[in-house]
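Source file: start_36.txt; contents: compact mmCIF, N, CA and C atoms.
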```
# COMPACT_ATOMS: atom_id res chain seq x y z
N MET A 215 -45.85 -16.63 5.54
CA MET A 215 -44.53 -16.80 6.04
C MET A 215 -43.89 -15.44 6.26
N SER A 216 -43.13 -15.31 7.29
CA SER A 216 -42.50 -14.02 7.55
C SER A 216 -41.10 -14.04 6.95
N ASP A 217 -40.68 -12.87 6.48
CA ASP A 217 -39.33 -12.73 5.92
C ASP A 217 -38.34 -12.63 7.06
N ILE A 218 -37.29 -13.39 6.99
CA ILE A 218 -36.24 -13.34 7.99
C ILE A 218 -34.97 -12.92 7.30
N HIS A 219 -34.38 -11.88 7.82
CA HIS A 219 -33.13 -11.36 7.28
C HIS A 219 -32.03 -11.66 8.28
N MET A 220 -30.99 -12.34 7.81
CA MET A 220 -29.91 -12.72 8.70
C MET A 220 -28.63 -12.03 8.25
N GLU A 221 -27.90 -11.47 9.19
CA GLU A 221 -26.61 -10.85 8.92
C GLU A 221 -25.58 -11.45 9.84
N VAL A 222 -24.37 -11.54 9.35
CA VAL A 222 -23.27 -12.03 10.16
C VAL A 222 -22.33 -10.86 10.37
N ASP A 223 -22.06 -10.53 11.65
CA ASP A 223 -21.16 -9.41 11.93
C ASP A 223 -19.71 -9.90 11.92
N ASP A 224 -18.78 -8.99 12.19
CA ASP A 224 -17.36 -9.31 12.15
C ASP A 224 -16.98 -10.40 13.14
N ALA A 225 -17.69 -10.50 14.23
CA ALA A 225 -17.37 -11.49 15.25
C ALA A 225 -17.97 -12.85 14.91
N GLY A 226 -18.70 -12.95 13.82
CA GLY A 226 -19.30 -14.22 13.44
C GLY A 226 -20.66 -14.44 14.05
N GLN A 227 -21.22 -13.44 14.74
CA GLN A 227 -22.53 -13.54 15.35
C GLN A 227 -23.61 -13.33 14.30
N VAL A 228 -24.64 -14.12 14.37
CA VAL A 228 -25.75 -14.01 13.43
C VAL A 228 -26.81 -13.10 14.03
N ASP A 229 -27.20 -12.10 13.26
CA ASP A 229 -28.25 -11.18 13.69
C ASP A 229 -29.46 -11.45 12.80
N SER A 230 -30.47 -12.07 13.37
CA SER A 230 -31.67 -12.32 12.59
C SER A 230 -32.81 -11.51 13.19
N SER A 231 -33.41 -10.74 12.36
CA SER A 231 -34.53 -9.94 12.83
C SER A 231 -35.70 -10.17 11.89
N PRO A 232 -36.78 -10.81 12.40
CA PRO A 232 -37.92 -11.09 11.56
C PRO A 232 -38.58 -9.81 11.07
N GLY A 233 -39.00 -9.85 9.82
CA GLY A 233 -39.72 -8.72 9.27
C GLY A 233 -38.82 -7.64 8.69
N THR A 234 -37.52 -7.74 8.89
CA THR A 234 -36.61 -6.75 8.33
C THR A 234 -36.34 -7.10 6.87
N PRO A 235 -36.59 -6.17 5.98
CA PRO A 235 -36.38 -6.49 4.56
C PRO A 235 -34.90 -6.62 4.26
N PRO A 236 -34.55 -7.47 3.31
CA PRO A 236 -33.15 -7.61 2.95
C PRO A 236 -32.65 -6.33 2.28
N PRO A 237 -31.36 -6.09 2.34
CA PRO A 237 -30.83 -4.87 1.73
C PRO A 237 -31.05 -4.91 0.22
N PRO A 238 -31.21 -3.74 -0.39
CA PRO A 238 -31.43 -3.72 -1.84
C PRO A 238 -30.20 -4.20 -2.58
N PRO A 239 -30.39 -4.81 -3.75
CA PRO A 239 -29.22 -5.27 -4.51
C PRO A 239 -28.43 -4.07 -5.01
N PRO A 240 -27.14 -4.25 -5.24
CA PRO A 240 -26.35 -3.13 -5.73
C PRO A 240 -26.87 -2.67 -7.09
N GLU A 241 -26.88 -1.35 -7.28
CA GLU A 241 -27.42 -0.81 -8.52
C GLU A 241 -26.44 -1.01 -9.66
N ASP A 242 -27.00 -1.33 -10.80
CA ASP A 242 -26.20 -1.49 -12.01
C ASP A 242 -26.01 -0.12 -12.62
N GLU A 243 -24.76 0.29 -12.80
CA GLU A 243 -24.46 1.62 -13.32
C GLU A 243 -25.00 1.80 -14.73
N SER A 244 -25.10 0.72 -15.50
CA SER A 244 -25.55 0.85 -16.89
C SER A 244 -27.03 1.22 -16.97
N LEU A 245 -27.79 0.97 -15.90
CA LEU A 245 -29.20 1.33 -15.91
C LEU A 245 -29.40 2.83 -15.78
N ASN A 246 -28.44 3.52 -15.19
CA ASN A 246 -28.55 4.96 -15.00
C ASN A 246 -28.06 5.76 -16.20
N GLN A 247 -27.45 5.09 -17.19
CA GLN A 247 -26.93 5.78 -18.36
C GLN A 247 -28.06 6.10 -19.33
N PRO A 248 -27.98 7.25 -20.01
CA PRO A 248 -28.98 7.56 -21.02
C PRO A 248 -28.90 6.56 -22.17
N LYS A 249 -30.03 6.36 -22.83
CA LYS A 249 -30.09 5.42 -23.95
C LYS A 249 -29.16 5.90 -25.06
N GLY A 250 -28.54 4.97 -25.74
CA GLY A 250 -27.68 5.31 -26.85
C GLY A 250 -26.24 5.60 -26.45
N LYS A 251 -25.98 5.79 -25.19
CA LYS A 251 -24.62 6.06 -24.73
C LYS A 251 -24.00 4.74 -24.28
N THR A 252 -22.78 4.52 -24.71
CA THR A 252 -22.09 3.31 -24.28
C THR A 252 -21.10 3.67 -23.19
N ILE A 253 -20.91 2.72 -22.33
CA ILE A 253 -19.98 2.91 -21.22
C ILE A 253 -18.63 2.35 -21.66
N ALA A 254 -17.59 3.13 -21.48
CA ALA A 254 -16.26 2.68 -21.83
C ALA A 254 -15.84 1.59 -20.85
N LYS A 255 -15.49 0.44 -21.40
CA LYS A 255 -15.05 -0.66 -20.56
C LYS A 255 -13.59 -0.45 -20.19
N PRO A 256 -13.23 -0.86 -18.99
CA PRO A 256 -11.82 -0.71 -18.62
C PRO A 256 -10.96 -1.63 -19.49
N THR A 257 -9.79 -1.16 -19.85
CA THR A 257 -8.91 -1.97 -20.68
C THR A 257 -8.34 -3.11 -19.84
N VAL A 258 -8.20 -4.23 -20.48
CA VAL A 258 -7.67 -5.41 -19.81
C VAL A 258 -6.25 -5.62 -20.32
N SER A 259 -5.33 -5.69 -19.41
CA SER A 259 -3.95 -5.93 -19.78
C SER A 259 -3.62 -7.39 -19.50
N LEU A 260 -3.33 -8.11 -20.57
CA LEU A 260 -2.97 -9.51 -20.40
C LEU A 260 -1.48 -9.60 -20.10
N ALA A 261 -1.17 -10.18 -18.99
CA ALA A 261 0.22 -10.34 -18.61
C ALA A 261 0.59 -11.81 -18.77
N ARG A 262 1.68 -12.03 -19.49
CA ARG A 262 2.11 -13.40 -19.73
C ARG A 262 3.04 -13.83 -18.62
N GLU A 263 2.80 -15.01 -18.11
CA GLU A 263 3.69 -15.59 -17.12
C GLU A 263 4.95 -16.04 -17.83
N PRO A 264 6.10 -15.92 -17.17
CA PRO A 264 7.33 -16.39 -17.82
C PRO A 264 7.24 -17.87 -18.17
N GLY A 265 7.61 -18.19 -19.39
CA GLY A 265 7.58 -19.58 -19.84
C GLY A 265 6.24 -20.03 -20.37
N LYS A 266 5.26 -19.13 -20.43
CA LYS A 266 3.94 -19.48 -20.94
C LYS A 266 3.54 -18.48 -22.01
N SER A 267 2.62 -18.90 -22.86
CA SER A 267 2.13 -18.06 -23.93
C SER A 267 0.67 -17.73 -23.69
N LEU A 268 0.23 -16.60 -24.24
CA LEU A 268 -1.19 -16.25 -24.15
C LEU A 268 -2.02 -17.07 -25.12
N LEU A 269 -1.37 -17.56 -26.17
CA LEU A 269 -2.07 -18.40 -27.15
C LEU A 269 -2.01 -19.85 -26.70
N PRO A 270 -3.08 -20.60 -26.96
CA PRO A 270 -3.05 -22.02 -26.56
C PRO A 270 -2.02 -22.79 -27.39
N ILE A 271 -1.08 -23.41 -26.71
CA ILE A 271 0.00 -24.14 -27.37
C ILE A 271 -0.55 -25.27 -28.24
N SER A 272 -1.59 -25.93 -27.78
CA SER A 272 -2.16 -27.04 -28.56
C SER A 272 -2.70 -26.54 -29.90
N ARG A 273 -3.27 -25.35 -29.92
CA ARG A 273 -3.78 -24.78 -31.18
C ARG A 273 -2.64 -24.43 -32.12
N VAL A 274 -1.55 -23.88 -31.57
CA VAL A 274 -0.38 -23.54 -32.38
C VAL A 274 0.21 -24.83 -32.96
N GLN A 275 0.30 -25.88 -32.16
CA GLN A 275 0.81 -27.16 -32.64
C GLN A 275 -0.07 -27.71 -33.75
N LYS A 276 -1.37 -27.59 -33.60
CA LYS A 276 -2.31 -28.10 -34.60
C LYS A 276 -2.13 -27.36 -35.93
N ILE A 277 -1.95 -26.06 -35.87
CA ILE A 277 -1.73 -25.27 -37.08
C ILE A 277 -0.41 -25.66 -37.73
N MET A 278 0.61 -25.86 -36.91
CA MET A 278 1.91 -26.23 -37.46
C MET A 278 1.89 -27.64 -38.06
N LYS A 279 1.13 -28.54 -37.48
CA LYS A 279 1.04 -29.90 -38.02
C LYS A 279 0.29 -29.94 -39.34
N ALA A 280 -0.47 -28.90 -39.64
CA ALA A 280 -1.18 -28.85 -40.92
C ALA A 280 -0.20 -28.70 -42.08
N ASP A 281 1.00 -28.20 -41.80
CA ASP A 281 2.04 -28.08 -42.82
C ASP A 281 2.74 -29.43 -42.93
N LYS A 282 2.57 -30.09 -44.07
CA LYS A 282 3.12 -31.44 -44.26
C LYS A 282 4.65 -31.43 -44.38
N GLU A 283 5.24 -30.26 -44.62
CA GLU A 283 6.69 -30.18 -44.75
C GLU A 283 7.39 -30.22 -43.39
N LEU A 284 6.67 -30.02 -42.32
CA LEU A 284 7.26 -30.07 -40.98
C LEU A 284 6.90 -31.40 -40.32
N PRO A 285 7.82 -32.35 -40.34
CA PRO A 285 7.47 -33.67 -39.78
C PRO A 285 7.33 -33.63 -38.26
N ILE A 286 8.30 -33.04 -37.57
CA ILE A 286 8.28 -32.98 -36.11
C ILE A 286 8.70 -31.57 -35.70
N VAL A 287 8.01 -31.03 -34.70
CA VAL A 287 8.34 -29.70 -34.21
C VAL A 287 8.57 -29.80 -32.70
N ALA A 288 9.69 -29.27 -32.24
CA ALA A 288 10.02 -29.30 -30.82
C ALA A 288 9.11 -28.35 -30.05
N LYS A 289 8.91 -28.64 -28.77
CA LYS A 289 8.06 -27.80 -27.92
C LYS A 289 8.61 -26.38 -27.84
N GLU A 290 9.92 -26.26 -27.78
CA GLU A 290 10.55 -24.94 -27.70
C GLU A 290 10.26 -24.11 -28.95
N ALA A 291 10.29 -24.78 -30.11
CA ALA A 291 10.00 -24.09 -31.37
C ALA A 291 8.54 -23.64 -31.40
N THR A 292 7.66 -24.48 -30.94
CA THR A 292 6.24 -24.12 -30.88
C THR A 292 6.03 -22.93 -29.96
N PHE A 293 6.72 -22.93 -28.84
CA PHE A 293 6.62 -21.82 -27.89
C PHE A 293 7.12 -20.53 -28.51
N LEU A 294 8.26 -20.59 -29.20
CA LEU A 294 8.82 -19.39 -29.81
C LEU A 294 7.92 -18.86 -30.94
N ILE A 295 7.33 -19.75 -31.71
CA ILE A 295 6.40 -19.32 -32.75
C ILE A 295 5.17 -18.68 -32.12
N SER A 296 4.73 -19.21 -31.01
CA SER A 296 3.60 -18.64 -30.29
C SER A 296 3.93 -17.23 -29.81
N LEU A 297 5.13 -17.03 -29.26
CA LEU A 297 5.55 -15.70 -28.81
C LEU A 297 5.67 -14.73 -29.98
N ALA A 298 6.22 -15.20 -31.10
CA ALA A 298 6.34 -14.35 -32.28
C ALA A 298 4.96 -13.95 -32.81
N THR A 299 4.01 -14.87 -32.74
CA THR A 299 2.64 -14.57 -33.17
C THR A 299 2.01 -13.54 -32.26
N GLU A 300 2.23 -13.66 -30.97
CA GLU A 300 1.73 -12.66 -30.02
C GLU A 300 2.27 -11.27 -30.35
N GLU A 301 3.58 -11.20 -30.63
CA GLU A 301 4.21 -9.93 -30.94
C GLU A 301 3.66 -9.35 -32.24
N PHE A 302 3.45 -10.20 -33.25
CA PHE A 302 2.87 -9.76 -34.52
C PHE A 302 1.47 -9.18 -34.30
N ILE A 303 0.65 -9.89 -33.56
CA ILE A 303 -0.72 -9.42 -33.29
C ILE A 303 -0.68 -8.10 -32.53
N LYS A 304 0.21 -7.99 -31.57
CA LYS A 304 0.34 -6.77 -30.78
C LYS A 304 0.71 -5.58 -31.67
N ARG A 305 1.72 -5.77 -32.52
CA ARG A 305 2.19 -4.66 -33.36
C ARG A 305 1.17 -4.24 -34.39
N ILE A 306 0.54 -5.18 -35.07
CA ILE A 306 -0.42 -4.80 -36.12
C ILE A 306 -1.68 -4.20 -35.50
N SER A 307 -2.07 -4.68 -34.33
CA SER A 307 -3.26 -4.10 -33.69
C SER A 307 -2.97 -2.70 -33.16
N GLU A 308 -1.78 -2.48 -32.60
CA GLU A 308 -1.44 -1.13 -32.13
C GLU A 308 -1.36 -0.14 -33.28
N ALA A 309 -0.75 -0.56 -34.40
CA ALA A 309 -0.64 0.33 -35.56
C ALA A 309 -2.03 0.62 -36.14
N SER A 310 -2.90 -0.38 -36.18
CA SER A 310 -4.27 -0.18 -36.68
C SER A 310 -5.05 0.72 -35.74
N HIS A 311 -4.83 0.57 -34.45
CA HIS A 311 -5.52 1.42 -33.48
C HIS A 311 -5.09 2.87 -33.63
N ARG A 312 -3.81 3.10 -33.90
CA ARG A 312 -3.34 4.48 -34.11
C ARG A 312 -4.03 5.12 -35.31
N ILE A 313 -4.23 4.36 -36.38
CA ILE A 313 -4.92 4.90 -37.56
C ILE A 313 -6.36 5.23 -37.22
N ALA A 314 -7.04 4.33 -36.52
CA ALA A 314 -8.44 4.58 -36.13
C ALA A 314 -8.51 5.80 -35.22
N HIS A 315 -7.57 5.94 -34.31
CA HIS A 315 -7.55 7.08 -33.38
C HIS A 315 -7.31 8.38 -34.13
N ARG A 316 -6.42 8.35 -35.12
CA ARG A 316 -6.14 9.53 -35.93
C ARG A 316 -7.38 9.99 -36.68
N GLU A 317 -8.22 9.03 -37.07
CA GLU A 317 -9.46 9.35 -37.77
C GLU A 317 -10.62 9.55 -36.81
N LYS A 318 -10.30 9.68 -35.53
CA LYS A 318 -11.27 9.94 -34.46
C LYS A 318 -12.35 8.86 -34.37
N ARG A 319 -11.90 7.61 -34.47
CA ARG A 319 -12.79 6.47 -34.30
C ARG A 319 -12.28 5.61 -33.16
N VAL A 320 -13.19 4.92 -32.51
CA VAL A 320 -12.82 4.03 -31.42
C VAL A 320 -12.64 2.61 -31.93
N THR A 321 -13.40 2.24 -32.94
CA THR A 321 -13.38 0.89 -33.47
C THR A 321 -12.37 0.75 -34.60
N VAL A 322 -11.53 -0.25 -34.51
CA VAL A 322 -10.59 -0.55 -35.59
C VAL A 322 -11.36 -1.30 -36.67
N GLN A 323 -11.23 -0.84 -37.90
CA GLN A 323 -11.93 -1.46 -39.03
C GLN A 323 -10.95 -2.21 -39.91
N GLN A 324 -11.50 -3.02 -40.82
CA GLN A 324 -10.67 -3.81 -41.72
C GLN A 324 -9.76 -2.92 -42.54
N ARG A 325 -10.27 -1.78 -42.94
CA ARG A 325 -9.47 -0.88 -43.77
C ARG A 325 -8.25 -0.34 -43.02
N ASP A 326 -8.33 -0.24 -41.69
CA ASP A 326 -7.19 0.20 -40.90
C ASP A 326 -6.07 -0.84 -40.96
N ILE A 327 -6.43 -2.10 -40.83
CA ILE A 327 -5.44 -3.17 -40.88
C ILE A 327 -4.83 -3.26 -42.28
N ALA A 328 -5.66 -3.13 -43.31
CA ALA A 328 -5.15 -3.15 -44.68
C ALA A 328 -4.23 -1.97 -44.94
N SER A 329 -4.55 -0.83 -44.39
CA SER A 329 -3.72 0.35 -44.55
C SER A 329 -2.36 0.15 -43.88
N VAL A 330 -2.35 -0.45 -42.72
CA VAL A 330 -1.09 -0.74 -42.03
C VAL A 330 -0.26 -1.72 -42.86
N ALA A 331 -0.91 -2.72 -43.43
CA ALA A 331 -0.20 -3.71 -44.23
C ALA A 331 0.45 -3.07 -45.45
N ARG A 332 -0.16 -2.04 -46.00
CA ARG A 332 0.38 -1.36 -47.17
C ARG A 332 1.48 -0.36 -46.82
N ARG A 333 1.35 0.31 -45.70
CA ARG A 333 2.24 1.44 -45.39
C ARG A 333 3.47 1.07 -44.56
N ALA A 334 3.32 0.18 -43.62
CA ALA A 334 4.44 -0.14 -42.71
C ALA A 334 5.36 -1.18 -43.34
N ASP A 335 6.65 -0.90 -43.32
CA ASP A 335 7.62 -1.81 -43.93
C ASP A 335 7.60 -3.19 -43.30
N GLU A 336 7.39 -3.26 -42.00
CA GLU A 336 7.44 -4.56 -41.34
C GLU A 336 6.26 -5.47 -41.70
N PHE A 337 5.23 -4.90 -42.32
CA PHE A 337 4.07 -5.70 -42.71
C PHE A 337 3.93 -5.85 -44.23
N LEU A 338 4.97 -5.49 -44.97
CA LEU A 338 4.90 -5.59 -46.43
C LEU A 338 4.72 -7.02 -46.92
N PHE A 339 5.14 -7.99 -46.13
CA PHE A 339 4.97 -9.38 -46.53
C PHE A 339 3.50 -9.78 -46.65
N LEU A 340 2.60 -8.98 -46.07
CA LEU A 340 1.17 -9.27 -46.14
C LEU A 340 0.57 -8.85 -47.48
N GLU A 341 1.27 -8.00 -48.21
CA GLU A 341 0.79 -7.52 -49.50
C GLU A 341 1.22 -8.46 -50.61
N GLY A 342 0.63 -8.29 -51.76
CA GLY A 342 1.03 -9.06 -52.93
C GLY A 342 -0.12 -9.87 -53.46
N LYS A 343 0.15 -10.58 -54.54
CA LYS A 343 -0.88 -11.39 -55.18
C LYS A 343 -1.32 -12.51 -54.22
N GLY A 344 -2.60 -12.64 -54.06
CA GLY A 344 -3.13 -13.65 -53.15
C GLY A 344 -2.91 -13.29 -51.69
N SER A 345 -2.78 -12.00 -51.42
CA SER A 345 -2.51 -11.58 -50.05
C SER A 345 -3.73 -11.75 -49.16
N LEU A 346 -3.50 -11.59 -47.89
CA LEU A 346 -4.58 -11.68 -46.92
C LEU A 346 -5.59 -10.55 -47.11
N PHE A 347 -5.14 -9.44 -47.72
CA PHE A 347 -6.00 -8.28 -47.83
C PHE A 347 -6.49 -8.04 -49.24
N SER A 348 -6.50 -9.07 -50.07
CA SER A 348 -7.03 -8.92 -51.43
C SER A 348 -8.52 -8.60 -51.38
N TRP A 349 -9.23 -9.05 -50.37
CA TRP A 349 -10.65 -8.75 -50.22
C TRP A 349 -10.85 -7.25 -50.07
N PHE A 350 -9.88 -6.57 -49.45
CA PHE A 350 -10.01 -5.13 -49.25
C PHE A 350 -9.85 -4.39 -50.57
N ASP A 351 -8.86 -4.80 -51.35
CA ASP A 351 -8.62 -4.16 -52.64
C ASP A 351 -9.83 -4.26 -53.54
N THR A 352 -10.47 -5.42 -53.58
CA THR A 352 -11.66 -5.58 -54.45
C THR A 352 -12.83 -4.78 -53.91
N ALA A 353 -12.95 -4.67 -52.60
CA ALA A 353 -14.07 -3.93 -52.01
C ALA A 353 -13.92 -2.43 -52.27
N VAL A 354 -12.68 -1.94 -52.27
CA VAL A 354 -12.44 -0.51 -52.47
C VAL A 354 -12.71 -0.13 -53.92
N ARG A 355 -12.38 -1.02 -54.84
CA ARG A 355 -12.55 -0.72 -56.27
C ARG A 355 -14.00 -0.69 -56.70
N ARG A 356 -14.89 -1.31 -55.97
CA ARG A 356 -16.31 -1.37 -56.36
C ARG A 356 -16.98 -0.07 -56.27
```
Full structure transcribed into structure tokens:
Amino acid sequence: MSDIHMEVDDAGQVDSSPGTPPPPPPEDESLNQPKGKTIAKPTVSLAREPGKSLLPISRVQKIMKADKELPIVAKEATFLISLATEEFIKRISEASHRIAHREKRVTVQQRDIASVARRADEFLFLEGKGSLFSWFDTAVRR
């Protein structure tokens, strides 16, 4: 069988020429990189549409329904809690990233988040007996 390569030009005309090999596939830039080197991925900026949350509302509702003290929660309240959660995640991740950057690291580690929870006043509620970061305290003491 002969290879047939067909191209469509701007006018919509089909150009088929038998025996012409198809164009090579686009080269993957990662194949040209030396082994062991990672390529920096472009940062993705999530933009929230007005009136919508980046977090799935159904998941936020499910978490809120797990609290037996809340019999009914309005949609507006769920939305506001979702926005507050987004803001919390944004602030703690930015503060943790600054610590990792100061230590000349690209990856944020658990100890960075625990350090933010200990040092920043706005995250002091995360500390204390039975805190979210008690695993860090025990790991450091070993």
Expressed in Å, the length from CA of Leu269 in chain A to atom C of Arg332 in chain A is 26.9 Å
Nearest to Ala298 in chain A among A:Gln275, A:Ser310, A:Gln324, A:Ser267, with distances taken over only C-alpha atoms: which residue is it?
->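 Among A:Gln275, A:Ser310, A:Gln324, A:Ser267, it is A:Ser267 that comes nearest to Ala298 in chain A.
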Take CA of Ala314 in chain A and atom N of Ile253 in chain A and report the distance between them in Å, one decimal.
-> 18.7 Å
A:Ile327, A:Leu340, A:Leu294, A:Ala334: which is nearest His311 in chain A, counting all atoms listed in the file?
-> A:Ile327
So how many Å separate atom N of Gly265 in chain A and atom N of Lys282 in chain A, to one decimal?
-> 27.9 Å
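Residues lying within 8 Å of Ile313 in chain A, counting all atoms listed in the file and ignoring same-chain neighbours fewer than 6 positions away, are A:Ser307, A:Arg319, A:Thr321, A:Val322, A:Gln323, A:Asp326, A:Ile327, A:Val330.
In terms of minimum interatomic distance to Ile303 in chain A, A:Leu268 ranks closest within A:Pro256, A:Leu268, A:Lys289, A:Arg316, counting only C-alpha atoms.
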Would you mind telling me which residue in A:Leu297, A:Val258, A:Ala291, A:Ile286 lies nearest to Pro270 in chain A when using only C-alpha atoms?
-> A:Leu297
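Minimum distance to Thr299 in chain A across A:Glu283, A:Val274, A:Arg333, A:Thr257 (counting only C-alpha atoms) occurs at A:Val274.
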Would you mind completing range 308-316 of chain A to all heavy atoms and writing the output as a short mmCIF file (atom, residue, chain, number, x, y, z; two decimals), keeping the file's coordinate frame?
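Dumped everything to part-v7.cif:
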```cif
data_model
loop_
_atom_site.label_atom_id
_atom_site.label_comp_id
_atom_site.auth_asym_id
_atom_site.auth_seq_id
_atom_site.Cartn_x
_atom_site.Cartn_y
_atom_site.Cartn_z
N GLU A 308 -1.78 -2.48 -32.60
CA GLU A 308 -1.44 -1.13 -32.13
C GLU A 308 -1.36 -0.14 -33.28
O GLU A 308 -1.84 0.99 -33.18
CB GLU A 308 -0.11 -1.16 -31.36
CG GLU A 308 -0.23 -1.77 -29.98
CD GLU A 308 1.10 -1.90 -29.27
OE1 GLU A 308 2.17 -1.73 -29.92
OE2 GLU A 308 1.09 -2.20 -28.07
N ALA A 309 -0.75 -0.56 -34.40
CA ALA A 309 -0.64 0.33 -35.56
C ALA A 309 -2.03 0.62 -36.14
O ALA A 309 -2.33 1.76 -36.52
CB ALA A 309 0.26 -0.30 -36.62
N SER A 310 -2.90 -0.38 -36.18
CA SER A 310 -4.27 -0.18 -36.68
C SER A 310 -5.05 0.72 -35.74
O SER A 310 -5.84 1.55 -36.19
CB SER A 310 -4.98 -1.53 -36.81
OG SER A 310 -4.27 -2.37 -37.69
N HIS A 311 -4.83 0.57 -34.45
CA HIS A 311 -5.52 1.42 -33.48
C HIS A 311 -5.09 2.87 -33.63
O HIS A 311 -5.91 3.79 -33.51
CB HIS A 311 -5.24 0.93 -32.06
CG HIS A 311 -5.93 1.73 -31.02
ND1 HIS A 311 -5.30 2.75 -30.34
CD2 HIS A 311 -7.20 1.70 -30.55
CE1 HIS A 311 -6.15 3.30 -29.50
NE2 HIS A 311 -7.31 2.68 -29.61
N ARG A 312 -3.81 3.10 -33.90
CA ARG A 312 -3.34 4.48 -34.11
C ARG A 312 -4.03 5.12 -35.31
O ARG A 312 -4.40 6.29 -35.26
CB ARG A 312 -1.82 4.50 -34.30
CG ARG A 312 -1.05 4.38 -33.00
CD ARG A 312 0.42 4.71 -33.18
NE ARG A 312 1.09 3.80 -34.09
CZ ARG A 312 1.66 2.65 -33.75
NH1 ARG A 312 1.63 2.27 -32.49
NH2 ARG A 312 2.26 1.90 -34.64
N ILE A 313 -4.23 4.36 -36.38
CA ILE A 313 -4.92 4.90 -37.56
C ILE A 313 -6.36 5.23 -37.22
O ILE A 313 -6.87 6.30 -37.57
CB ILE A 313 -4.85 3.91 -38.74
CG1 ILE A 313 -3.41 3.84 -39.26
CG2 ILE A 313 -5.81 4.30 -39.85
CD1 ILE A 313 -3.19 2.83 -40.34
N ALA A 314 -7.04 4.33 -36.52
CA ALA A 314 -8.44 4.58 -36.13
C ALA A 314 -8.51 5.80 -35.22
O ALA A 314 -9.41 6.64 -35.36
CB ALA A 314 -9.03 3.36 -35.44
N HIS A 315 -7.57 5.94 -34.31
CA HIS A 315 -7.55 7.08 -33.38
C HIS A 315 -7.31 8.38 -34.13
O HIS A 315 -7.93 9.41 -33.83
CB HIS A 315 -6.48 6.86 -32.31
CG HIS A 315 -6.44 7.93 -31.27
ND1 HIS A 315 -7.44 8.07 -30.34
CD2 HIS A 315 -5.53 8.90 -31.02
CE1 HIS A 315 -7.15 9.10 -29.57
NE2 HIS A 315 -5.98 9.62 -29.97
N ARG A 316 -6.42 8.35 -35.12
CA ARG A 316 -6.14 9.53 -35.93
C ARG A 316 -7.38 9.99 -36.68
O ARG A 316 -7.59 11.18 -36.89
CB ARG A 316 -5.03 9.20 -36.93
CG ARG A 316 -4.13 10.36 -37.22
CD ARG A 316 -2.97 10.00 -38.12
NE ARG A 316 -2.19 8.89 -37.62
CZ ARG A 316 -1.79 7.85 -38.37
NH1 ARG A 316 -2.07 7.80 -39.63
NH2 ARG A 316 -1.09 6.88 -37.83
#
```
